[in-house]
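*Asks:* I have a structure here, written as structure tokens, and I will follow up with some questions on it.
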Protein chains: 4
Amino acid sequence: MNSFGHYLRLTTFGESHGAAMGGVLDGFPSGERPDFALMKEMLARRRPGRSPLVTSRRESDEPEFLSGISPEGLTLGTPIAFIVRNRDHRSADYDAMRDLYRPNHADLTTEARYGLRDHRGGGRASARETVSWVIGGALAAGWLRTRGITAEARLTRIGGVEILEDSIIDSIIAEARRNCDSVGGVVSCVIKGVRLGEAGSPVFDKLHASLGRAMLSINGVHGFEYGAGFAMADARGSQVADTYRSLSSDETRDARIPVTNFSGGIQGGISNGNDICFRVAFKPTPTIGLPLDCLGRDGEAHRVELRGRHDPCIAIRGAVVVEAMAALAIADAILESGIHSREV
Amino acid sequence: MNSFGHYLRLTTFGESHGAAMGGVLDGFPSGERPDFALMKEMLARRRPGRSPLVTSRRESDEPEFLSGISPEGLTLGTPIAFIVRNRDHRSADYDAMRDLYRPNHADLTTEARYGLRDHRGGGRASARETVSWVIGGALAAGWLRTRGITAEARLTRIGGVEILEDSIIDSIIAEARRNCDSVGGVVSCVIKGVRLGEAGSPVFDKLHASLGRAMLSINGVHGFEYGAGFAMADARGSQVADTYRSLSSDETRDARIPVTNFSGGIQGGISNGNDICFRVAFKPTPTIGLPLDCLGRDGEAHRVELRGRHDPCIAIRGAVVVEAMAALAIADAILESGIHSREV
Amino acid sequence: MNSFGHYLRLTTFGESHGAAMGGVLDGFPSGERPDFALMKEMLARRRPGRSPLVTSRRESDEPEFLSGISPEGLTLGTPIAFIVRNRDHRSADYDAMRDLYRPNHADLTTEARYGLRDHRGGGRASARETVSWVIGGALAAGWLRTRGITAEARLTRIGGVEILEDSIIDSIIAEARRNCDSVGGVVSCVIKGVRLGEAGSPVFDKLHASLGRAMLSINGVHGFEYGAGFAMADARGSQVADTYRSLSSDETRDARIPVTNFSGGIQGGISNGNDICFRVAFKPTPTIGLPLDCLGRDGEAHRVELRGRHDPCIAIRGAVVVEAMAALAIADAILESGIHSREV
Amino acid sequence: MNSFGHYLRLTTFGESHGAAMGGVLDGFPSGERPDFALMKEMLARRRPGRSPLVTSRRESDEPEFLSGISPEGLTLGTPIAFIVRNRDHRSADYDAMRDLYRPNHADLTTEARYGLRDHRGGGRASARETVSWVIGGALAAGWLRTRGITAEARLTRIGGVEILEDSIIDSIIAEARRNCDSVGGVVSCVIKGVRLGEAGSPVFDKLHASLGRAMLSINGVHGFEYGAGFAMADARGSQVADTYRSLSSDETRDARIPVTNFSGGIQGGISNGNDICFRVAFKPTPTIGLPLDCLGRDGEAHRVELRGRHDPCIAIRGAVVVEAMAALAIADAILESGIHSREV
């Protein structure tokens, strides 16, 4: 099913080269004023063709809202539906792909799963899909802000190099382009303001499990870790025990919140009042300028120079998608605990 | 909610020091003969008190099946309910914890979330919960075997050291015990036999997203990666493109399955016919023999020697839980694609 | 939530005087050719302004499909999204209603539930909503036809009179119009071709429970009965036992299907191979030409002549909505049993 | 799936002649004290063997609670699991039924659906299942009482006769027994105390649609109507418009609640503050003392005297099941609107 979330549920639709992408956000609280400025800013960060770093496909990405918002601009508590038209197709670019399956793409698996596929641009598997996630996520993020919660994700590692300053990104991208190659990256996300006990459940809806599922849904993501993450596996218990300060030392801070954060803001699946921190690993863009072996419908390998427009590093535009999905996951968890808790 | 899966759904219940743990597995195919030998073997691998490596809490872990299986031993297509009694409580061990919140435990977050908690042994947050997962997972794993699918998980890294031979585990555990400390570990899992297009969906139910959610639900897990995982983020696209061989080279193998497996057996969220491979990072057991700072209900830090029985490395017994949850996630995905696909 | 169905799920959106109505049908089998002729016919039966019997609001009701269907006209197995623009608003007709709550309408309850409402035409509570149900239902009905299953619903009782011939409808409507009044009606539905054991589950997803929920979701429906229905409550067991013929008497018919049908084609919640029969009670249109007491925001009763365009008998156009929702419920049940059954 | 409810979810299990019946109630608010006296009273009303009016099968029906309740008797916010052992089997009574399918029972449809069935006593289709519904429903009903909400259901019609006084029931049952026959009945339910806007959603989760689904899930139910019900279909709009009084006439009552109640306490799917009223039609017990034609596995009709113990009128014990399911449906709806509403 094409839905994310239980209490705040985003259902999306659209093939990348069909008429439109879109979504329905159900369960959004009523009487809220959506933060369209934030949405615009988030869409701009996701937009292709924005800088030399990313693909040149030009889409206006202007969402049309069809329902759920009153003429006065307030949410009605009804489903918020939106669409984004697909305008700049160049489907012909993909004609050669009708009988070929690109490596590390969903072409063959989709066809095996459904018996047919839309060969023009990847169908549901295209990263174009994430435009709907950013729209839905921006609505969630705007609502979270009214509760003092912010999510910020940014690229912190690219092609094996920690990003100490932004020029590193430019250098690595330039080098990748020069070599007709692509690079992977790591996006780190910090969510501030989620209160102790406000989000997450103890068993299958642990907050980090919901965040993990959300992140692993993003195209090209191959790993997720929170708090000390994989480094936890190499540590001793005595090294990574979060500690509390005594009450007297700092009167302004909630004494129940640990001063260290190996746990990444989540204890037993429930927010512990600290910043929620996680990292997401993106693979390099699979479509590169160098010729690649594709599998043909004839069962033979075919060396092909794939065209189309693609970012050398999907993680760059992936950061805002991470933020959007994080906002949806956190909002869903907060709405859930809202009904079952006594005193949050 | 305490449920996992949409088409094959495990709902669990039980506090670690309550009357019983248990679960209801709904959606299991009818007319199947559960593989109780496999279940017994999996439960033995999870059982505490089995070896010097693990906690000495003794539980028989003998499940009682209450429904869903005919007198002839065949599944009826109705919910399979089972319980495991909690026998060896020693709840008194936990009396001192009534007014203390252990670091890196769910004590405080649970109380903040629900307004109260069962202070005896962790309630739903206890690893005791996973006994129900192993029972449900063993049912799923048995069914998968009848379809030629097997899942195998094992500890591949402990306390920062790759496990080249089993004696490494013993040495590291012995050292941790000596220091009253604990160590983390990495569990690697390989699932063989899932056919091209047989499992996974392209958007929010990507196979690796479901596996990730399943793994991140396991107590103490801090990270998940599949295929080349986080290493993907450091790679060039030209390095990690999976390749196909030409048909002529090997007539016995499906030419549509790549010969390399950077993708971990999943393409666009759908199984591609290769082995499905992923890794799971477990943190060190948070309860160690050394005194730890606990937060008191009085808002002060209290240095406490926590007793109770705990494994120095939860990842050891975690391996079979990884297998169990993997089986549930894969079975759920196969049942889903069964209804929506044409020719799998 | 605004969704119907678990395996074939229709999610709808739209306020009657907003930009558009629409829906997303997820879980539809791939490789199918939608029966657009059937859809057109069903939409025509639902359309306002079609005959003197129904409201004069004119809507083209032409759906635009945004996704889920390939250029060749085959379903992709991906969500099928569609919208219907709202063109003929006359919202001004409703301006007087801003501070009034109509009797037997959702005005006041919606406002109490959500804190605000779209006063123009009923928002989500408008019967306009059902245009999306007919579109989704027509897709389901078309798919059912390819399996030999048809659903047919028609008005069988109006204003207390059994409809022995169609002219009765005209006479009663004419009389109601003359008196500026409205009348209720009963819609009877027969579904043919569902095989023994093909649809329905034994506990909470009994086929008649799903059908009942579907029917009771339709605007203005106050009752649902299947098989002998409420008459069952007045009967003796010996009178309503369905009987089987012996095999020899008729070689062409499945001997396992009873020759009587007090059970309405459903036994223990599962289809028994007989025609599935049920009846649905529609209330009279609540908005009538006579002045009615509305509750004002001031807490006083106000006698108002409600305008707007309304059918004197909503059951007339309701018949096709019954068919559409029946098709969705049956298709969902068939897809469910498809995964869990052995030999249907 | 064997679950009811989205926010408060009851999952049940158990075959009538297996080891135990039981359920898991997930989503129940924490910190509540279950009303076990109410549960005991409700179970007593459901219990077989209680009076000459009902079947003589003797079950203690004593539930064992396995989880979800603290030693101090407060709900923990975790799943509340319970079981009821099946003690008095007499499975041998059913041996003759191994190769026969009773008319108006689920025997044949279950076997067609799942490929096999538990022939001893009906499996999941047995009314024994409802013991779990009454336990779960009593928990919900107890919680509703703390909010001032009560549900009361009683038999109001039996064998075609309105029950003006209780002796009518005795007479009709006596007559049915004398004739080795059974009779149907109607149960009427009134729910008091649900506030305006507190429960129900406008589209597919209309309060009466949820109640209808709940009632139609009960064994032997063939019809559901609310408010004026099927009589609505025979009425004129001018006759059934609910009216409001002017504020001045009665200062103690909420002026926003109509003084008439044709709508049955629900407007547009949402509670309007009036009593919620509905009626449920039960068929006569299908197993009667007279010989009946059963279908044999050989495809022939067999005249059989069915034994076993059965009530002549299932509606008598059905009343408390109606109450229980109503409580679950109302509680679920209240929890849902709790998260999405602003000011309920």
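We name chains A, B, ... following the order of the structure tokens; residues begin at 1 in each chain, and ligands are numbered from 1 as shown.
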Using DSSP assignments from the backbone, pull out every residue in region 29-159 of chain C that falls under strand (DSSP E) and give it to me as a VMD selection string.
*Replies:* chain C and resid 64 to 65 80 to 85 100 to 101 150 to 158
*Asks:* Kindly provide, as a ChimeraX atom specification, the residues of chain B having any atom no farther than 7 Å from an atom of chain D, counting only C-alpha atoms.
*Replies:* /B:1,13-15,18-20,26-27,30-31,66-68,70,76-77,79,81,114-118
*Asks:* One number please: CA of Ala235 (chain D) to CA of Phe282 (chain D), in Å, one decimal.
*Replies:*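 It comes out at 24.8 Å.
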*Asks:* So which residues touch Ala231 (chain C) within 9 Å, counting only C-alpha atoms, skipping near sequence neighbours fewer than 2 positions away, as a list in words?
*Replies:*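 After dropping sequence-adjacent residues, the list is Ala228, Gly229, Ala233, Asp234 and Ala235 of chain C; Gly160, Gly184, His222, Ala281 and Lys283 of chain D.
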*Asks:* For Cys180 (chain D), work out the shell of residues within 10 Å, counting only C-alpha atoms and skipping chain neighbours fewer than 2 positions away, then give it as number ranges by chain.
*Replies:* C: 237-238; D: 174-178, 182, 287-291, 312
*Asks:* For CA of Ala315 (chain B) and CA of Arg87 (chain B), determine how far apart the two atoms are, in Å to one decimal place.
*Replies:*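 We find that CA of Ala315 (chain B) and CA of Arg87 (chain B) lie 24.1 Å from each other.
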*Asks:* Residues near Tyr101 (chain B), anyone? I mean within 7 Å using only C-alpha atoms, not counting same-chain ones fewer than 3 positions away, as a list in words.
*Replies:*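 Here the answer would be Met97, Asp107, Leu108, Cys294, Leu295 and Gly296 of chain B.
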*Asks:* So that I can check the surroundings of region 324-339 of chain A, please list as a list in words every protein, DNA and RNA residue that reaches within 7 Å of it, counting only C-alpha atoms and ignoring chain neighbours fewer than 4 positions away.
*Replies:*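 Final neighbour list, sorted by chain and number: Gly5, His6, Tyr7, Leu8, Trp133, Val134, Gly137, Ala138, Ala140, Ala141, Leu144, Ala151, Glu198, Ala199, Gly200, Ser210, Leu211, Ala214, Met215 and Val320 of chain A; Leu335, Gly338 and Ile339 of chain D.
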*Asks:* List the neighbours of Pro202 (chain C) out to 7 Å using only C-alpha atoms; skip same-chain residues closer than 6 positions along the sequence, and give me the result as a list in words.
*Replies:*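 Returned residues: Gly268, Gly269 and Ile270 of chain C; Arg124 and Ala125 of chain D.
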*Asks:* Can you write out the residues you just picked, keeping N, CA and C atoms, as a CSV table (one decimal), in the first residue's frame?
*Replies:*
```csv
chain,number,residue,atom,x,y,z
C,268,GLY,N,-22.2,-17.8,7.8
C,268,GLY,CA,-21.1,-17.6,8.8
C,268,GLY,C,-20.2,-16.5,8.3
C,269,GLY,N,-20.7,-15.5,7.5
C,269,GLY,CA,-19.9,-14.4,7.1
C,269,GLY,C,-19.2,-14.7,5.8
C,270,ILE,N,-19.3,-15.9,5.2
C,270,ILE,CA,-18.6,-16.3,4.0
C,270,ILE,C,-19.6,-16.6,2.9
D,124,ARG,N,-14.3,-21.0,14.7
D,124,ARG,CA,-14.4,-19.6,15.0
D,124,ARG,C,-15.8,-19.1,14.8
D,125,ALA,N,-16.7,-19.9,14.1
D,125,ALA,CA,-18.0,-19.4,13.9
D,125,ALA,C,-19.0,-19.6,15.0
```
